[in-house]
Amino acid sequence: MRSNRTLVRVLAVAATLAVAVTGCSSKGGAQPQAGGSAGGGATAQHYTIAMVTHEQAGDTFWDKIRAGAQDAAKSLNVDLKYSNNENGPEQATLVQNAIDSKVDGLAVTLSNADAVIPVAKKAADAGIPVVVFNQGFDQYKQAGAKMYFGSDEDLAGQSIGQRIKTDNGGKALCVIQAQGSVALETRCAGVKKTFPNTENLYVNGADKPAEQASIGAKLQEDKSITHVVTLGAGDALAALNAKNDAGSTAKIVTFDLNPDAAKAIKDGTIVFSVDQQPYVQGYMAVTALWLNLTNGNDLGGGKPVLTGPSFVDSTNIDQILPYTANNKR
């Protein structure tokens, strides 16, 4: 009897090891397991998810969005189809193309809300689950989206204005690099709510030398400016160069991060950044669609899922700096 019991135990251990090996595919991702399921008990069906954004050519901010989306797609065995156009009608056409190609899920930004919302709603009405991310905090439900992942831009702007006030600021210059962008306008409006002496300056963010010249000219013209608020990491670097050229003592604060901006925070030439964590936005947009498709999950309880504002300054830059090199922060 003992030898039989021993044999049973050996067979049980072997079976357990076989299941473990099956679950640890060298391909990674949400691989099929015994019983036709993928990780977490969800179906093993292969899904195609389209991500359509308003990315502007040359804007490295979107590298973080894409890195997050690609990492999520790889881990979940999802086929990710990424496309972008900064112009509303063209972005709407890309959304329509995704619908026509019969994707399983759609992740979209609503910077160009008037143009994109109607076609995104068509996707939702056709039974394609839609999530909005990055821009569309107040409009995502109009697009038929189940969820939103991004920052509360008004709250972020107010947080910056409050910090400028605490820093005994005199006058703030809020630099908008893409006129008409809902999120950018909302950020500066938020700053003005808590720090009323804020003036907007519109520049062409796609032309950094011209942007730098515009900021520099304003700083030379108005010596009362104590703080320059930029709405992107690349714009902060243009503002730093403009400040130096103008001989200004204004402090630079910004939204978002890149490796150079993070280093500038480390050395004190940028005071702080408000990070909306774009890597998380891309990652969660894909992951949330996969969870909805495979398990019927919705996140946020009908409310936006916030990825920011998250402050990066001298108190936490040492922890965050290493992650900026690989598009994680």
# chains A, B, ... in the order shown; residues from 1 in each chain; ligands from 1

call {"tool": "residues_around", "arguments": {"residues": "Arg187 of chain A", "least_positions_apart": "4", "cutoff": "6 Å", "atoms": "only C-alpha atoms", "output": "ChimeraX atom specification"}}
result
/A:153-154,157

call {"tool": "select_by_dssp", "arguments": {"residues": "segment 41-287 of chain A", "states": "helix (DSSP H, G or I)", "output": "ChimeraX atom specification"}}
result
/A:41,61-76,88-100,113-125,140-143,153-166,182-194,208-221,233-246,259-267,278-287

call {"tool": "closest_residue", "arguments": {"among": "A:Tyr148, A:Asn97, A:Glu55, A:Ala242", "to": "Ser181 of chain A", "atoms": "only C-alpha atoms"}}
result
A:Glu55

call {"tool": "residues_around", "arguments": {"residues": "Pro259 of chain A", "least_positions_apart": "5", "cutoff": "12 Å", "atoms": "only C-alpha atoms", "output": "NGL selection string"}}
result
:A and (60-61 or 64 or 233-234 or 237 or 264-266 or 317 or 320-329)

call {"tool": "write_last_selection", "arguments": {"atoms": "C-alpha atoms", "output": "PDB file, in the first residue's frame"}}
result
ATOM      1  CA  THR A  60       8.557  62.261 -28.389  1.00  0.00           C
ATOM      2  CA  PHE A  61       5.807  62.351 -25.746  1.00  0.00           C
ATOM      3  CA  LYS A  64       5.773  56.693 -23.973  1.00  0.00           C
ATOM      4  CA  ALA A 233       8.843  68.511 -21.824  1.00  0.00           C
ATOM      5  CA  GLY A 234      10.322  69.570 -25.162  1.00  0.00           C
ATOM      6  CA  LEU A 237      13.742  72.897 -22.874  1.00  0.00           C
ATOM      7  CA  ALA A 264      16.994  69.526 -15.661  1.00  0.00           C
ATOM      8  CA  ILE A 265      14.796  68.839 -12.630  1.00  0.00           C
ATOM      9  CA  LYS A 266      17.696  66.977 -11.084  1.00  0.00           C
ATOM     10  CA  ILE A 317      13.495  62.753  -9.106  1.00  0.00           C
ATOM     11  CA  ILE A 320      12.074  58.432 -11.365  1.00  0.00           C
ATOM     12  CA  LEU A 321      15.102  59.546 -13.419  1.00  0.00           C
ATOM     13  CA  PRO A 322      16.308  56.032 -14.407  1.00  0.00           C
ATOM     14  CA  TYR A 323      12.912  55.175 -15.940  1.00  0.00           C
ATOM     15  CA  THR A 324      12.916  58.152 -18.312  1.00  0.00           C
ATOM     16  CA  ALA A 325      15.580  56.566 -20.508  1.00  0.00           C
ATOM     17  CA  ASN A 326      13.329  53.699 -21.663  1.00  0.00           C
ATOM     18  CA  ASN A 327      10.065  55.624 -22.128  1.00  0.00           C
ATOM     19  CA  LYS A 328       8.514  54.387 -18.884  1.00  0.00           C
ATOM     20  CA  ARG A 329       8.269  57.918 -17.387  1.00  0.00           C
TER      21      ARG A 329
END

call {"tool": "closest_residue", "arguments": {"among": "A:Thr194, A:Asn258, A:Asn200, A:Asn112", "to": "Pro89 of chain A", "atoms": "only C-alpha atoms"}}
result
A:Asn112

call {"tool": "atom_distance", "arguments": {"atom1": "atom CA of Leu76 of chain A", "atom2": "atom CA of Pro304 of chain A"}}
result
23.2 Å

call {"tool": "select_by_dssp", "arguments": {"residues": "segment 65-313 of chain A", "states": "strand (DSSP E or B)", "output": "count of residues only"}}
result
49

call {"tool": "closest_residue", "arguments": {"among": "A:Lys218, A:Lys193, A:Lys146, A:Lys141", "to": "Ala239 of chain A", "atoms": "only C-alpha atoms"}}
result
A:Lys218

call {"tool": "residues_around", "arguments": {"residues": "Tyr140 of chain A", "least_positions_apart": "3", "cutoff": "12 Å", "atoms": "only C-alpha atoms", "output": "compact mmCIF listing (two decimals) with N, CA and C atoms, in the first residue's frame"}}
result
# COMPACT_ATOMS: atom_id res chain seq x y z
N ALA A 107 -9.03 52.19 -29.03
CA ALA A 107 -8.54 53.18 -28.06
C ALA A 107 -8.24 54.46 -28.83
N VAL A 108 -8.80 55.59 -28.39
CA VAL A 108 -8.71 56.80 -29.19
C VAL A 108 -8.55 58.02 -28.30
N THR A 109 -7.89 59.05 -28.82
CA THR A 109 -7.78 60.33 -28.13
C THR A 109 -8.77 61.32 -28.74
N LEU A 110 -9.23 62.27 -27.94
CA LEU A 110 -10.24 63.22 -28.40
C LEU A 110 -9.75 64.66 -28.36
N SER A 111 -8.52 64.89 -28.78
CA SER A 111 -8.05 66.26 -28.91
C SER A 111 -8.91 67.00 -29.93
N ASN A 112 -9.25 66.29 -31.01
CA ASN A 112 -10.11 66.84 -32.05
C ASN A 112 -11.53 66.31 -31.85
N ALA A 113 -12.13 66.71 -30.74
CA ALA A 113 -13.37 66.08 -30.29
C ALA A 113 -14.50 66.20 -31.31
N ASP A 114 -14.72 67.38 -31.89
CA ASP A 114 -15.84 67.57 -32.80
C ASP A 114 -15.76 66.63 -34.00
N VAL A 116 -13.84 63.71 -34.16
CA VAL A 116 -13.61 62.29 -33.85
C VAL A 116 -14.76 61.65 -33.09
N ILE A 117 -15.47 62.41 -32.25
CA ILE A 117 -16.54 61.82 -31.44
C ILE A 117 -17.60 61.10 -32.29
N PRO A 118 -18.11 61.71 -33.38
CA PRO A 118 -19.16 61.02 -34.14
C PRO A 118 -18.72 59.67 -34.70
N ALA A 120 -16.17 57.77 -33.56
CA ALA A 120 -15.91 56.86 -32.45
C ALA A 120 -17.23 56.28 -31.93
N LYS A 121 -18.27 57.11 -31.91
CA LYS A 121 -19.59 56.65 -31.49
C LYS A 121 -20.11 55.58 -32.45
N ALA A 124 -18.70 52.33 -31.29
CA ALA A 124 -19.41 51.82 -30.13
C ALA A 124 -20.77 51.26 -30.50
N VAL A 130 -15.03 50.79 -26.91
CA VAL A 130 -14.18 51.97 -27.10
C VAL A 130 -13.71 52.47 -25.75
N VAL A 131 -12.42 52.80 -25.64
CA VAL A 131 -11.92 53.54 -24.50
C VAL A 131 -11.23 54.79 -25.03
N VAL A 132 -11.33 55.86 -24.26
CA VAL A 132 -10.67 57.11 -24.59
C VAL A 132 -9.54 57.32 -23.60
N PHE A 133 -8.43 57.90 -24.06
CA PHE A 133 -7.30 58.15 -23.18
C PHE A 133 -6.59 59.42 -23.59
N ASN A 134 -5.83 59.97 -22.66
CA ASN A 134 -4.98 61.14 -22.88
C ASN A 134 -5.75 62.43 -23.02
N GLN A 135 -6.68 62.52 -23.96
CA GLN A 135 -7.53 63.70 -24.09
C GLN A 135 -8.97 63.27 -24.32
N GLY A 136 -9.88 63.94 -23.62
CA GLY A 136 -11.29 63.61 -23.72
C GLY A 136 -11.93 63.39 -22.36
N PHE A 137 -11.31 63.97 -21.34
CA PHE A 137 -11.76 63.79 -19.96
C PHE A 137 -13.25 64.11 -19.80
N ALA A 143 -18.56 59.84 -26.88
CA ALA A 143 -18.02 58.96 -27.91
C ALA A 143 -18.44 57.51 -27.71
N GLY A 144 -19.30 57.26 -26.71
CA GLY A 144 -19.72 55.89 -26.44
C GLY A 144 -18.66 55.06 -25.75
N ALA A 145 -17.64 55.75 -25.20
CA ALA A 145 -16.53 55.03 -24.58
C ALA A 145 -16.93 54.46 -23.23
N LYS A 146 -16.42 53.29 -22.93
CA LYS A 146 -16.68 52.63 -21.65
C LYS A 146 -15.81 53.19 -20.54
N MET A 147 -14.61 53.68 -20.89
CA MET A 147 -13.65 54.10 -19.87
C MET A 147 -12.78 55.22 -20.40
N TYR A 148 -12.16 55.96 -19.47
CA TYR A 148 -11.21 57.00 -19.81
C TYR A 148 -9.98 56.86 -18.92
N PHE A 149 -8.80 56.98 -19.52
CA PHE A 149 -7.54 56.92 -18.78
C PHE A 149 -6.73 58.18 -19.10
N GLY A 150 -6.48 58.99 -18.09
CA GLY A 150 -5.70 60.19 -18.31
C GLY A 150 -5.72 61.09 -17.09
N GLY A 302 -17.72 54.09 -13.91
CA GLY A 302 -18.40 55.15 -14.63
C GLY A 302 -17.70 56.49 -14.55
N LYS A 303 -16.58 56.56 -13.86
CA LYS A 303 -15.80 57.79 -13.73
C LYS A 303 -14.46 57.63 -14.44
N PRO A 304 -13.81 58.75 -14.80
CA PRO A 304 -12.48 58.65 -15.40
C PRO A 304 -11.49 57.98 -14.44
N VAL A 305 -10.57 57.21 -15.01
CA VAL A 305 -9.47 56.63 -14.23
C VAL A 305 -8.28 57.56 -14.38

call {"tool": "atom_distance", "arguments": {"atom1": "atom CA of Phe255 of chain A", "atom2": "atom CA of Val271 of chain A"}}
result
11.2 Å

call {"tool": "closest_residue", "arguments": {"among": "A:Lys251, A:His227, A:Lys122, A:Lys243", "to": "Gln96 of chain A", "atoms": "only C-alpha atoms"}}
result
A:Lys122

call {"tool": "atom_distance", "arguments": {"atom1": "atom CA of Leu240 of chain A", "atom2": "atom CA of Gln212 of chain A"}}
result
8.5 Å

call {"tool": "residues_around", "arguments": {"residues": "Ala217 of chain A", "least_positions_apart": "2", "cutoff": "12 Å", "atoms": "only C-alpha atoms", "output": "MDAnalysis selection string"}}
result
chainID A and resid 201 203 210:215 219:223 239 241:248

call {"tool": "write_last_selection", "arguments": {"atoms": "N, CA, C and O atoms", "output": "compact mmCIF listing (two decimals), in the first residue's frame"}}
result
# COMPACT_ATOMS: atom_id res chain seq x y z
N LEU A 201 0.57 82.43 -23.94
CA LEU A 201 1.38 82.74 -25.12
C LEU A 201 1.26 81.57 -26.09
O LEU A 201 1.58 80.43 -25.73
N VAL A 203 2.42 79.54 -29.33
CA VAL A 203 3.63 79.33 -30.13
C VAL A 203 3.42 78.11 -31.03
O VAL A 203 2.47 77.34 -30.85
N ALA A 210 11.56 78.59 -33.59
CA ALA A 210 10.59 79.67 -33.58
C ALA A 210 9.92 79.78 -32.21
O ALA A 210 9.67 80.89 -31.72
N GLU A 211 9.63 78.64 -31.60
CA GLU A 211 9.03 78.64 -30.26
C GLU A 211 9.96 79.31 -29.27
O GLU A 211 9.54 80.16 -28.46
N GLN A 212 11.23 78.94 -29.31
CA GLN A 212 12.21 79.52 -28.40
C GLN A 212 12.31 81.03 -28.60
O GLN A 212 12.36 81.79 -27.62
N ALA A 213 12.29 81.45 -29.85
CA ALA A 213 12.39 82.89 -30.14
C ALA A 213 11.17 83.64 -29.60
O ALA A 213 11.30 84.75 -29.06
N SER A 214 9.99 83.03 -29.73
CA SER A 214 8.76 83.69 -29.26
C SER A 214 8.77 83.84 -27.74
O SER A 214 8.41 84.90 -27.20
N ILE A 215 9.21 82.79 -27.05
CA ILE A 215 9.27 82.85 -25.58
C ILE A 215 10.31 83.87 -25.14
O ILE A 215 10.09 84.68 -24.23
N LEU A 219 9.86 87.25 -22.80
CA LEU A 219 10.60 87.44 -21.56
C LEU A 219 11.39 88.74 -21.56
O LEU A 219 11.53 89.41 -20.54
N GLN A 220 11.91 89.11 -22.73
CA GLN A 220 12.62 90.38 -22.83
C GLN A 220 11.67 91.56 -22.72
O GLN A 220 12.00 92.59 -22.13
N GLU A 221 10.47 91.39 -23.27
CA GLU A 221 9.48 92.47 -23.26
C GLU A 221 8.87 92.68 -21.89
O GLU A 221 8.62 93.82 -21.48
N ASP A 222 8.64 91.58 -21.16
CA ASP A 222 7.93 91.67 -19.87
C ASP A 222 8.80 91.11 -18.76
O ASP A 222 8.84 89.90 -18.52
N LYS A 223 9.48 92.00 -18.05
CA LYS A 223 10.39 91.58 -16.99
C LYS A 223 9.66 91.17 -15.72
O LYS A 223 10.29 90.68 -14.77
N ALA A 239 11.99 76.71 -23.52
CA ALA A 239 11.83 77.83 -22.59
C ALA A 239 13.12 78.08 -21.81
O ALA A 239 13.48 79.24 -21.54
N ASN A 241 16.19 77.54 -22.87
CA ASN A 241 17.12 78.24 -23.77
C ASN A 241 16.70 79.69 -23.97
O ASN A 241 17.55 80.60 -24.00
N ALA A 242 15.38 79.91 -24.06
CA ALA A 242 14.88 81.27 -24.24
C ALA A 242 15.19 82.13 -23.01
O ALA A 242 15.57 83.30 -23.13
N LYS A 243 15.01 81.55 -21.85
CA LYS A 243 15.30 82.26 -20.60
C LYS A 243 16.77 82.68 -20.55
O LYS A 243 17.09 83.83 -20.20
N ASN A 244 17.65 81.76 -20.91
CA ASN A 244 19.09 82.07 -20.88
C ASN A 244 19.44 83.17 -21.88
O ASN A 244 20.22 84.08 -21.59
N ASP A 245 18.84 83.08 -23.08
CA ASP A 245 19.13 84.09 -24.11
C ASP A 245 18.62 85.47 -23.70
O ASP A 245 19.24 86.49 -24.02
N ALA A 246 17.48 85.47 -22.99
CA ALA A 246 16.86 86.74 -22.60
C ALA A 246 17.45 87.30 -21.31
O ALA A 246 17.14 88.45 -20.94
N GLY A 247 18.28 86.54 -20.62
CA GLY A 247 18.82 86.98 -19.35
C GLY A 247 17.76 87.09 -18.28
O GLY A 247 17.86 87.91 -17.35
N SER A 248 16.73 86.26 -18.39
CA SER A 248 15.61 86.31 -17.46
C SER A 248 15.90 85.46 -16.22
O SER A 248 16.67 84.50 -16.27

call {"tool": "closest_residue", "arguments": {"among": "A:Gly127, A:Thr48, A:Glu86, A:Gln276", "to": "Ser310 of chain A", "atoms": "only C-alpha atoms"}}
result
A:Gln276

call {"tool": "decode", "arguments": {"residues": "segment 156-176 of chain A", "atoms": "N, CA and C atoms", "output": "JSON list (two decimals), in the first residue's frame"}}
result
[["chain", "number", "residue", "atom", "x", "y", "z"],
["A", 156, "ALA", "N", -4.79, 69.58, -12.72],
["A", 156, "ALA", "CA", -3.33, 69.71, -12.86],
["A", 156, "ALA", "C", -2.93, 71.17, -12.98],
["A", 157, "GLY", "N", -3.65, 71.92, -13.81],
["A", 157, "GLY", "CA", -3.35, 73.34, -13.95],
["A", 157, "GLY", "C", -3.53, 74.10, -12.65],
["A", 158, "GLN", "N", -4.62, 73.79, -11.95],
["A", 158, "GLN", "CA", -4.84, 74.44, -10.66],
["A", 158, "GLN", "C", -3.73, 74.13, -9.67],
["A", 159, "SER", "N", -3.24, 72.90, -9.71],
["A", 159, "SER", "CA", -2.16, 72.49, -8.80],
["A", 159, "SER", "C", -0.89, 73.30, -9.08],
["A", 160, "ILE", "N", -0.60, 73.53, -10.36],
["A", 160, "ILE", "CA", 0.56, 74.34, -10.71],
["A", 160, "ILE", "C", 0.37, 75.78, -10.24],
["A", 161, "GLY", "N", -0.81, 76.34, -10.49],
["A", 161, "GLY", "CA", -1.08, 77.72, -10.06],
["A", 161, "GLY", "C", -0.93, 77.88, -8.57],
["A", 162, "GLN", "N", -1.37, 76.88, -7.82],
["A", 162, "GLN", "CA", -1.25, 76.94, -6.36],
["A", 162, "GLN", "C", 0.21, 76.92, -5.93],
["A", 163, "ARG", "N", 1.02, 76.10, -6.62],
["A", 163, "ARG", "CA", 2.44, 76.05, -6.26],
["A", 163, "ARG", "C", 3.15, 77.35, -6.62],
["A", 164, "ILE", "N", 2.77, 77.97, -7.72],
["A", 164, "ILE", "CA", 3.35, 79.27, -8.08],
["A", 164, "ILE", "C", 2.97, 80.31, -7.03],
["A", 165, "LYS", "N", 1.73, 80.26, -6.59],
["A", 165, "LYS", "CA", 1.28, 81.19, -5.55],
["A", 165, "LYS", "C", 2.08, 81.00, -4.27],
["A", 166, "THR", "N", 2.28, 79.74, -3.88],
["A", 166, "THR", "CA", 3.06, 79.43, -2.68],
["A", 166, "THR", "C", 4.51, 79.90, -2.82],
["A", 167, "ASP", "N", 4.99, 79.90, -4.08],
["A", 167, "ASP", "CA", 6.36, 80.32, -4.37],
["A", 167, "ASP", "C", 6.48, 81.83, -4.52],
["A", 168, "ASN", "N", 5.42, 82.56, -4.11],
["A", 168, "ASN", "CA", 5.42, 84.02, -4.19],
["A", 168, "ASN", "C", 5.60, 84.53, -5.61],
["A", 169, "GLY", "N", 4.96, 83.87, -6.54],
["A", 169, "GLY", "CA", 5.06, 84.28, -7.93],
["A", 169, "GLY", "C", 4.43, 85.65, -8.17],
["A", 170, "GLY", "N", 4.97, 86.34, -9.18],
["A", 170, "GLY", "CA", 4.43, 87.64, -9.54],
["A", 170, "GLY", "C", 3.52, 87.55, -10.75],
["A", 171, "LYS", "N", 4.04, 86.96, -11.83],
["A", 171, "LYS", "CA", 3.26, 86.77, -13.05],
["A", 171, "LYS", "C", 3.71, 85.48, -13.72],
["A", 172, "ALA", "N", 2.73, 84.72, -14.23],
["A", 172, "ALA", "CA", 3.05, 83.47, -14.93],
["A", 172, "ALA", "C", 2.75, 83.61, -16.41],
["A", 173, "LEU", "N", 3.60, 83.00, -17.21],
["A", 173, "LEU", "CA", 3.39, 82.91, -18.66],
["A", 173, "LEU", "C", 3.11, 81.45, -18.98],
["A", 174, "CYS", "N", 1.93, 81.17, -19.53],
["A", 174, "CYS", "CA", 1.56, 79.79, -19.87],
["A", 174, "CYS", "C", 1.67, 79.62, -21.38],
["A", 175, "VAL", "N", 2.59, 78.75, -21.81],
["A", 175, "VAL", "CA", 2.94, 78.63, -23.23],
["A", 175, "VAL", "C", 2.14, 77.48, -23.85],
["A", 176, "ILE", "N", 1.29, 77.81, -24.81],
["A", 176, "ILE", "CA", 0.46, 76.81, -25.49],
["A", 176, "ILE", "C", 1.06, 76.55, -26.86]]
